[in-house]
Protein chains: 2
Amino acid sequence: MIALEEIRKLSHQSASRIVLLVLDGLGGLPHPDTGRTELESAKKPNLDRIAGESICGLTDQISPGITPGSAPGHLAIFGYDPLRYRVGRGIIAALGIDLELNPGDIAARGNFCTVDSSGTITDRRAGRISTETNTELCRLLNEHIVVSGTQVQATPVKEHRFVLLIRGEGLSPELADSDPQQVGLAPRRVEALSTSAQRTAEIANQFVSEARVVLRDRTPANMVLLRGFSQRPDIPSIPDIYKLNPAAIAVYPMYRGLARLLGMRLLPADENLAQQLETVHRHYEEYDFFFIHYKSTDSRGEDGDFEAKVRAIEEVDNALPQLLNLNPDVLMITGDHSTPATLASHSWHPVPFMLRAKWCRADPVTQFSERACISGTLGRFPAVDIMPLAMAHAMKLDKFGA
Amino acid sequence: MIALEEIRKLSHQSASRIVLLVLDGLGGLPHPDTGRTELESAKKPNLDRIAGESICGLTDQISPGITPGSAPGHLAIFGYDPLRYRVGRGIIAALGIDLELNPGDIAARGNFCTVDSSGTITDRRAGRISTETNTELCRLLNEHIVVSGTQVQATPVKEHRFVLLIRGEGLSPELADSDPQQVGLAPRRVEALSTSAQRTAEIANQFVSEARVVLRDRTPANMVLLRGFSQRPDIPSIPDIYKLNPAAIAVYPMYRGLARLLGMRLLPADENLAQQLETVHRHYEEYDFFFIHYKSTDSRGEDGDFEAKVRAIEEVDNALPQLLNLNPDVLMITGDHSTPATLASHSWHPVPFMLRAKWCRADPVTQFSERACISGTLGRFPAVDIMPLAMAHAMKLDKFGA
């Protein structure tokens with residue numbers, strides 16, 4: 001891994017174009033009946049053909065054995081070491097609902113919950129109230145709670161979840177959670193973890209105690225829990241590091257938010273991959289880096305639906321000719337982590353990767369799968385090396401040293 | 001590599017069990033007649049079958065090209081970067097004879113040696129005196145040498161070797177060796193390498209000069225040499241980092257001492273591997289991590305006896321069914337370094353590794369050998385990644401980030 005500061009010095013703008021297709025949760029595990037993974041089970045002539053013209057490998061997003069969340073999984077692909085660039089829980093939640101964040105804003109993940117008459121938590125999710133109830137409760141909180149000199153705002157997410165935004169001068173995110181993460185305890189006071197966070201702690205505690213009053217008769221959602229206080233991380237942008245003019249085509253808010261955080265322009269997107277690729281076509285002259293995010297592979301994996309994940313991969317394969325027509329200077333197809341249908345969750349297993357370019361030294365791998373990719377030129381490698389490889393093959397990196 | 005501090009945050013206790021079998025000095029080199037390594041020459045149907053169900057690779061314990069000592073070789077397997085966690089020569093020697101060490105104690109490796117009438121060393125090992133003579137000389141030293149306010153004690157090891165223990169307040173291990181590591185020179189005064197080590201240097205020098213008097217007529221063992229002054233390292237324990245309840249089954253004192261240093265419980269062990277595995281059976285319900293150390297592969301390699309090392313591997317293979325019966329959630333078999341019989345010493349060659357688990361994405365490797373393992377999913381990888389992989393496959397690690 002080379003530091004972003006070094007890449008910044010070596011990178012230059014040029015006319016070549018890089019297309020990155022991220023199939024979320026791509027990696028899988030063998031089906032117990034067939035011994036074949038989702039990728040090995042899918043009919044995917046286009047993906048296999050591209051593999052034959054590519055350099056292939058398996059990536060670790062964070063470190064061997066570590067299961068990535070979606071944000072660190074993507075950060076690694078874009079070259080940001082997830083162990084160095086942390087994106088807090090509150091920021092992820094805010095990005096996930098397209099909340100505009102200013103530098104200095106504090107975001108926290110909130111839960112509506114149920115407490116009994118003694119103040120003890122009996123349900124951390126308030127029986128998963130409807131999103132409509134949530135929306136009404138957030139409106140109530142925003143109407144009644146005023147903290148002088150500071151803007152405090154609750155924005156509904158799904159069911160019992162909301163985002164608390166605190167905006168003002170001199171705030172600090174160094175706060176412990178109020179959410180004890182278990183029932184049978186009372187919510188904790190928000191503690192400042194540094195003296196500079198004292199005032200922010202007071203604001204958070206004022207919000208919580210006033211929320212308690214406002215929600216008094218709103219059982220089951222008669223209290224709030226807060227966790228993951230965080231600020232927009234101080235993270236250099238993709239245009240700054242790579243001198244790229246990047247565009248993102250992603251449907252889900254978290255990925256859109258993360259792309260925007262890294263300096264990408266958001267292009268229109270819908271659930272249909274063919275439509276997403278159509279968007280690439282339409283804007284191909286305007287940008288030199290395209291990040292296309294495809295969610296179904298992960299969603300079907302999380303569902304534990306092996307066959308549906310196989311079909312999602314086949315859907316991608318069907319749509320690919322449209323992308324291949326553009327013949328991008330560098331085409332990369334990979335995932336942000338594995339989501340084996342047999343586990344029905346993110347996992348630590350390394351992720352198939354391929355890069356096709358005029359100047360790649362294509363290896364003997366002719367199949368795009370977990371077991372085939374390990375024989376590729378890249379072997380098993382850290383995902384943070386992906387962007388330097390892309391930039392090199394796009395002839396956008398200068399020589400290091402004389 | 002991910003820092004232990006990160007693993008500490010991600011790890012949690014669970015019912016699954018991890019078994020780690022370390023075949024000391026496992027890696028080898030081809031026999032000049034057959035072109036096959038020790039592993040490639042052995043009949044080992046069980047090891048090969050396990051390889052077929054495992055993820056395989058070759059480990060570097062420290063860094064490519066670096067030959068590990070036994071202590072750093074093992075530290076790496078347990079996840080401790082040997083370049084960060086140093087265990088001094090004196091401490092290794094003390095662990096090797098089951099000496100109890102308190103925090104703050106100083107241990108040094110000692111040699112009885114021969115000096116001539118002018119004080120020049122003529123034999124650094126005093127003609128390898130018998131262990132009995134050594135024991136008598138240590139008794140003499142302990143009887144006659146008293147340093148006020150400090151406990152100074154020599155404990156015999158084998159032949160000419162002993163351990164010097166210095167126990168007291170405010171000691172420092174920042175001392176240079178008195179052993180010049182060659183004949184024809186006089187022993188050096190022990191120099192303090194920092195001002196805070198001044199008093200400890202005086203204590204060591206007082207011990208040496210009084211030993212000179214006590215041993216005056218004891219030719220060939222008429223003087224002592226000291227090296228590797230060190231303290232018990234400040235090293236987090238395996239229960240602390242991994243939330244494991246670990247047990248060690250090892251015969252040789254150094255490995256037992258190291259295991260105890262890392263917070264493992266020592267179970268009864270003898271030279272017979274079948275007996276060691278019987279011990280695992282007997283205590284299987286009490287612990288969730290078992291470290292089994294098998295020494296013969298290394299000893300026969302050090303002897304330069306290729307055939308005997310092959311037989312040692314076959315002995316392991318024969319005993320394995322007993323371990324497989326337990327069907328541990330994660331089974332790992334590897335070595336702490338290579339000891340090729342053709343070199344008759346530790347070497348830098350990477351070490352075969354395999355991990356079998358229900359949730360491993362088994363690779364096409366069907367043979368447990370140096371050349372087969374390099375085609376495995378793990379490729380060539382740092383040994384410090386072994387524990388995160390074990391923990392992941394035992395489902396004992398949380399997701400990193402949201």
# chains A, B, ... in the order shown; residues from 1 in each chain; ligands from 1
call {"tool": "closest_atom_pairs", "arguments": {"of": "chain A", "to": "chain B", "cutoff": "9 Å", "atoms": "only C-alpha atoms", "output": "tab-separated table"}}
result
residue	atom	partner	partner_atom	distance
A:Gly28	CA	B:Arg361	CA	8.3
A:Leu29	CA	B:Arg361	CA	5.9
A:Pro30	CA	B:Arg361	CA	7.1
A:Thr37	CA	B:Arg361	CA	9.0
A:Leu58	CA	B:Thr377	CA	8.5
A:Ile62	CA	B:Ile2	CA	7.9
A:Ser63	CA	B:Met1	CA	5.9
A:Pro64	CA	B:Leu389	CA	6.2
A:Gly65	CA	B:Leu389	CA	4.2
A:Ile66	CA	B:Phe400	CA	6.8
A:Thr67	CA	B:Lys399	CA	4.8
A:Pro68	CA	B:Phe400	CA	5.1
A:Gly69	CA	B:Ala402	CA	4.5
A:Ser70	CA	B:Ala402	CA	6.1
A:Ala71	CA	B:Ala402	CA	6.2
A:Pro72	CA	B:Gly401	CA	6.4
A:Gly73	CA	B:Gly401	CA	8.9
A:Pro82	CA	B:Gly401	CA	8.8
A:Leu83	CA	B:Ile2	CA	8.4
A:Arg86	CA	B:Gly401	CA	8.1
A:Val87	CA	B:Gly401	CA	7.8
A:Gly88	CA	B:Gly401	CA	7.8
A:Arg89	CA	B:Ala402	CA	6.4
A:Ile92	CA	B:Ala402	CA	7.2
A:Leu343	CA	B:Trp359	CA	8.4
A:His346	CA	B:Lys399	CA	7.9
A:Ser347	CA	B:Lys399	CA	8.0
A:Trp348	CA	B:Ala392	CA	6.9
A:His349	CA	B:Arg361	CA	7.5
A:Pro350	CA	B:Thr377	CA	8.8
A:Glu370	CA	B:Arg361	CA	8.6
A:Arg371	CA	B:Asp363	CA	6.4
A:Ile374	CA	B:Thr377	CA	6.0
A:Ser375	CA	B:Ser375	CA	7.1
A:Gly379	CA	B:Gly379	CA	7.0
A:Arg380	CA	B:Gly379	CA	6.6
call {"tool": "residues_around", "arguments": {"residues": "Ser118 of chain B", "least_positions_apart": "6", "cutoff": "12 Å", "atoms": "only C-alpha atoms", "output": "JSON, numbers by chain"}}
result
{"B": [184, 185, 186, 187]}
call {"tool": "write_last_selection", "arguments": {"atoms": "C-alpha atoms", "output": "tab-separated table (two decimals), in the first residue's frame"}}
result
chain	number	residue	atom	x	y	z
B	184	GLY	CA	41.03	-13.77	22.57
B	185	LEU	CA	39.34	-10.85	24.28
B	186	ALA	CA	38.65	-10.16	27.96
B	187	PRO	CA	35.05	-10.12	29.17
call {"tool": "residues_around", "arguments": {"residues": "segment 298-308 of chain B", "least_positions_apart": "6", "cutoff": "10 Å", "atoms": "only C-alpha atoms", "output": "JSON, numbers by chain"}}
result
{"B": [23, 24, 25, 26, 27, 28, 29, 30, 31, 37, 38, 41, 42, 314, 335, 336, 337, 338, 339, 340, 341, 342, 343, 344, 345, 346]}
call {"tool": "select_by_dssp", "arguments": {"residues": "segment 65-138 of chain B", "states": "alpha helix (DSSP H)", "output": "list in words"}}
result
Ser70, Ala71, Pro72, Gly73, His74, Leu75, Ala76, Ile77, Arg89, Gly90, Ile91, Ile92, Ala93, Ala94, Leu95, Gly96, Thr131, Glu132, Thr133, Asn134, Thr135, Glu136, Leu137 and Cys138 of chain B
call {"tool": "write_last_selection", "arguments": {"atoms": "N, CA, C and O atoms", "output": "CSV table (one decimal), in the first residue's frame"}}
result
chain,number,residue,atom,x,y,z
B,70,SER,N,12.7,-19.3,17.7
B,70,SER,CA,11.5,-20.0,18.1
B,70,SER,C,10.5,-19.1,18.8
B,70,SER,O,9.3,-19.2,18.5
B,71,ALA,N,10.9,-18.1,19.6
B,71,ALA,CA,10.0,-17.2,20.3
B,71,ALA,C,9.3,-16.3,19.3
B,71,ALA,O,8.1,-16.3,19.2
B,72,PRO,N,10.0,-15.6,18.5
B,72,PRO,CA,9.3,-14.7,17.5
B,72,PRO,C,8.5,-15.5,16.5
B,72,PRO,O,7.4,-15.1,16.1
B,73,GLY,N,9.0,-16.7,16.2
B,73,GLY,CA,8.2,-17.6,15.3
B,73,GLY,C,6.8,-17.9,15.8
B,73,GLY,O,5.8,-17.9,15.1
B,74,HIS,N,6.8,-18.2,17.1
B,74,HIS,CA,5.5,-18.5,17.8
B,74,HIS,C,4.7,-17.2,18.1
B,74,HIS,O,3.5,-17.2,17.9
B,75,LEU,N,5.3,-16.1,18.5
B,75,LEU,CA,4.6,-14.9,18.7
B,75,LEU,C,3.8,-14.5,17.5
B,75,LEU,O,2.7,-14.1,17.6
B,76,ALA,N,4.4,-14.6,16.3
B,76,ALA,CA,3.7,-14.3,15.0
B,76,ALA,C,2.5,-15.1,14.9
B,76,ALA,O,1.4,-14.6,14.5
B,77,ILE,N,2.6,-16.4,15.1
B,77,ILE,CA,1.4,-17.3,15.0
B,77,ILE,C,0.3,-16.8,15.9
B,77,ILE,O,-0.9,-16.8,15.6
B,89,ARG,N,16.7,-12.2,25.1
B,89,ARG,CA,17.5,-13.4,25.2
B,89,ARG,C,17.4,-13.9,26.6
B,89,ARG,O,17.2,-15.1,26.9
B,90,GLY,N,17.6,-13.0,27.6
B,90,GLY,CA,17.5,-13.5,29.0
B,90,GLY,C,16.2,-14.0,29.4
B,90,GLY,O,16.1,-15.0,30.1
B,91,ILE,N,15.1,-13.3,28.9
B,91,ILE,CA,13.8,-13.8,29.2
B,91,ILE,C,13.5,-15.1,28.6
B,91,ILE,O,12.9,-16.0,29.2
B,92,ILE,N,13.9,-15.3,27.3
B,92,ILE,CA,13.7,-16.6,26.7
B,92,ILE,C,14.4,-17.7,27.5
B,92,ILE,O,13.8,-18.8,27.7
B,93,ALA,N,15.6,-17.4,27.9
B,93,ALA,CA,16.4,-18.4,28.7
B,93,ALA,C,15.6,-18.7,30.0
B,93,ALA,O,15.5,-19.9,30.4
B,94,ALA,N,15.1,-17.7,30.7
B,94,ALA,CA,14.3,-17.9,31.9
B,94,ALA,C,13.1,-18.7,31.7
B,94,ALA,O,12.7,-19.6,32.5
B,95,LEU,N,12.3,-18.3,30.6
B,95,LEU,CA,11.1,-19.1,30.3
B,95,LEU,C,11.5,-20.5,30.0
B,95,LEU,O,10.7,-21.4,30.4
B,96,GLY,N,12.6,-20.7,29.4
B,96,GLY,CA,13.1,-22.1,29.1
B,96,GLY,C,13.3,-23.0,30.3
B,96,GLY,O,13.4,-24.2,30.1
B,131,THR,N,26.2,-30.7,33.1
B,131,THR,CA,25.1,-30.0,33.8
B,131,THR,C,25.2,-30.1,35.3
B,131,THR,O,24.9,-29.2,36.1
B,132,GLU,N,25.8,-31.3,35.8
B,132,GLU,CA,26.0,-31.5,37.2
B,132,GLU,C,27.0,-30.4,37.8
B,132,GLU,O,26.7,-29.8,38.8
B,133,THR,N,28.1,-30.3,37.1
B,133,THR,CA,29.1,-29.3,37.5
B,133,THR,C,28.5,-27.9,37.5
B,133,THR,O,28.6,-27.1,38.5
B,134,ASN,N,27.7,-27.6,36.4
B,134,ASN,CA,27.0,-26.3,36.3
B,134,ASN,C,26.2,-26.1,37.6
B,134,ASN,O,26.2,-25.0,38.2
B,135,THR,N,25.4,-27.1,37.9
B,135,THR,CA,24.5,-27.0,39.1
B,135,THR,C,25.3,-26.7,40.4
B,135,THR,O,24.9,-25.8,41.2
B,136,GLU,N,26.4,-27.4,40.5
B,136,GLU,CA,27.2,-27.1,41.7
B,136,GLU,C,27.8,-25.7,41.7
B,136,GLU,O,27.8,-25.0,42.7
B,137,LEU,N,28.2,-25.3,40.5
B,137,LEU,CA,28.8,-23.9,40.5
B,137,LEU,C,27.8,-22.8,40.7
B,137,LEU,O,28.0,-21.9,41.4
B,138,CYS,N,26.6,-23.1,40.2
B,138,CYS,CA,25.5,-22.1,40.5
B,138,CYS,C,25.2,-22.0,42.0
B,138,CYS,O,25.0,-20.9,42.5
call {"tool": "select_by_dssp", "arguments": {"residues": "segment 81-180 of chain A", "states": "strand (DSSP E or B)", "output": "number ranges by chain"}}
result
A: 106-115, 121-123, 147, 150-156, 161-167, 175
call {"tool": "atom_distance", "arguments": {"atom1": "atom CA of Phe112 of chain A", "atom2": "atom CA of Gly170 of chain A"}}
result
27.5 Å
call {"tool": "residues_around", "arguments": {"residues": "segment 248-250 of chain A", "least_positions_apart": "2", "cutoff": "9 Å", "atoms": "only C-alpha atoms", "output": "list in words"}}
result
Pro246, Tyr252, Pro253, Tyr255, Arg256, Ala259, Arg260, Met264, Arg265, Leu266, Leu267, Pro268, Ala269, Asp270, Glu271, Gln276, Leu277, Thr279, Val280, Phe289, Phe290, Phe291, Ile292, His293, Tyr294 and Lys295 of chain A
call {"tool": "write_last_selection", "arguments": {"atoms": "N, CA, C and O atoms", "output": "compact mmCIF listing (two decimals), in the first residue's frame"}}
result
# COMPACT_ATOMS: atom_id res chain seq x y z
N PRO A 246 -14.87 12.60 -11.18
CA PRO A 246 -15.57 11.33 -10.98
C PRO A 246 -17.09 11.48 -10.88
O PRO A 246 -17.59 12.46 -10.33
N TYR A 252 -28.74 3.41 -3.72
CA TYR A 252 -28.95 3.45 -2.28
C TYR A 252 -28.26 4.65 -1.66
O TYR A 252 -27.12 4.98 -2.01
N PRO A 253 -28.95 5.31 -0.74
CA PRO A 253 -28.46 6.57 -0.19
C PRO A 253 -27.08 6.48 0.45
O PRO A 253 -26.27 7.39 0.28
N TYR A 255 -24.46 4.76 -0.27
CA TYR A 255 -23.40 4.77 -1.27
C TYR A 255 -23.33 6.12 -1.97
O TYR A 255 -22.26 6.62 -2.29
N ARG A 256 -24.51 6.72 -2.20
CA ARG A 256 -24.56 8.05 -2.79
C ARG A 256 -23.89 9.06 -1.85
O ARG A 256 -23.09 9.89 -2.26
N ALA A 259 -20.15 8.56 -1.86
CA ALA A 259 -19.58 9.06 -3.11
C ALA A 259 -19.47 10.58 -3.07
O ALA A 259 -18.45 11.16 -3.46
N ARG A 260 -20.52 11.22 -2.57
CA ARG A 260 -20.51 12.68 -2.50
C ARG A 260 -19.44 13.16 -1.53
O ARG A 260 -18.72 14.12 -1.79
N MET A 264 -17.46 12.93 -5.57
CA MET A 264 -18.04 12.47 -6.84
C MET A 264 -19.31 13.25 -7.14
O MET A 264 -20.04 13.64 -6.23
N ARG A 265 -19.60 13.42 -8.43
CA ARG A 265 -20.89 13.94 -8.84
C ARG A 265 -21.87 12.79 -8.91
O ARG A 265 -21.55 11.71 -9.42
N LEU A 266 -23.08 13.02 -8.40
CA LEU A 266 -24.10 11.97 -8.45
C LEU A 266 -24.90 12.09 -9.74
O LEU A 266 -25.44 13.16 -10.03
N LEU A 267 -24.96 11.02 -10.51
CA LEU A 267 -25.78 11.00 -11.73
C LEU A 267 -27.09 10.28 -11.42
O LEU A 267 -27.17 9.52 -10.46
N PRO A 268 -28.13 10.54 -12.24
CA PRO A 268 -29.41 9.87 -11.99
C PRO A 268 -29.23 8.35 -12.03
O PRO A 268 -28.44 7.83 -12.83
N ALA A 269 -29.95 7.65 -11.15
CA ALA A 269 -29.81 6.20 -11.10
C ALA A 269 -31.13 5.57 -10.72
O ALA A 269 -31.91 6.15 -9.96
N ASP A 270 -31.43 4.42 -11.29
CA ASP A 270 -32.54 3.63 -10.75
C ASP A 270 -32.11 2.18 -10.58
O ASP A 270 -30.97 1.82 -10.88
N GLU A 271 -33.01 1.36 -10.06
CA GLU A 271 -32.65 -0.01 -9.65
C GLU A 271 -32.18 -0.88 -10.80
O GLU A 271 -31.55 -1.91 -10.60
N GLN A 276 -28.73 2.09 -15.51
CA GLN A 276 -27.55 2.73 -14.94
C GLN A 276 -26.44 2.82 -15.99
O GLN A 276 -25.76 3.84 -16.09
N LEU A 277 -26.31 1.74 -16.77
CA LEU A 277 -25.25 1.74 -17.79
C LEU A 277 -25.59 2.71 -18.91
O LEU A 277 -24.71 3.33 -19.51
N THR A 279 -26.98 5.48 -18.39
CA THR A 279 -26.54 6.77 -17.83
C THR A 279 -25.04 6.98 -18.07
O THR A 279 -24.60 8.09 -18.39
N VAL A 280 -24.27 5.92 -17.93
CA VAL A 280 -22.83 6.03 -18.22
C VAL A 280 -22.64 6.48 -19.66
O VAL A 280 -21.87 7.41 -19.96
N PHE A 289 -14.09 9.14 -14.61
CA PHE A 289 -14.17 8.02 -13.66
C PHE A 289 -15.63 7.79 -13.34
O PHE A 289 -16.35 8.72 -12.97
N PHE A 290 -16.07 6.54 -13.52
CA PHE A 290 -17.46 6.19 -13.24
C PHE A 290 -17.50 5.07 -12.20
O PHE A 290 -16.92 4.01 -12.41
N PHE A 291 -18.20 5.36 -11.10
CA PHE A 291 -18.42 4.34 -10.06
C PHE A 291 -19.88 3.91 -10.18
O PHE A 291 -20.79 4.72 -9.99
N ILE A 292 -20.08 2.65 -10.55
CA ILE A 292 -21.44 2.13 -10.69
C ILE A 292 -21.67 1.13 -9.56
O ILE A 292 -20.90 0.17 -9.41
N HIS A 293 -22.69 1.38 -8.76
CA HIS A 293 -22.96 0.51 -7.62
C HIS A 293 -24.20 -0.34 -7.88
O HIS A 293 -25.27 0.18 -8.16
N TYR A 294 -24.02 -1.66 -7.77
CA TYR A 294 -25.12 -2.61 -7.99
C TYR A 294 -25.40 -3.34 -6.68
O TYR A 294 -24.53 -4.03 -6.15
N LYS A 295 -26.60 -3.19 -6.16
CA LYS A 295 -26.89 -3.63 -4.80
C LYS A 295 -27.43 -5.06 -4.69
O LYS A 295 -27.27 -5.72 -3.65
call {"tool": "closest_residue", "arguments": {"among": "A:Gln322, A:Asn102, A:Ser11, A:Ser178", "to": "Arg227 of chain A", "atoms": "only C-alpha atoms"}}
result
A:Ser178
call {"tool": "atom_distance", "arguments": {"atom1": "atom CA of Thr114 of chain B", "atom2": "atom CA of Arg188 of chain B"}}
result
14.3 Å
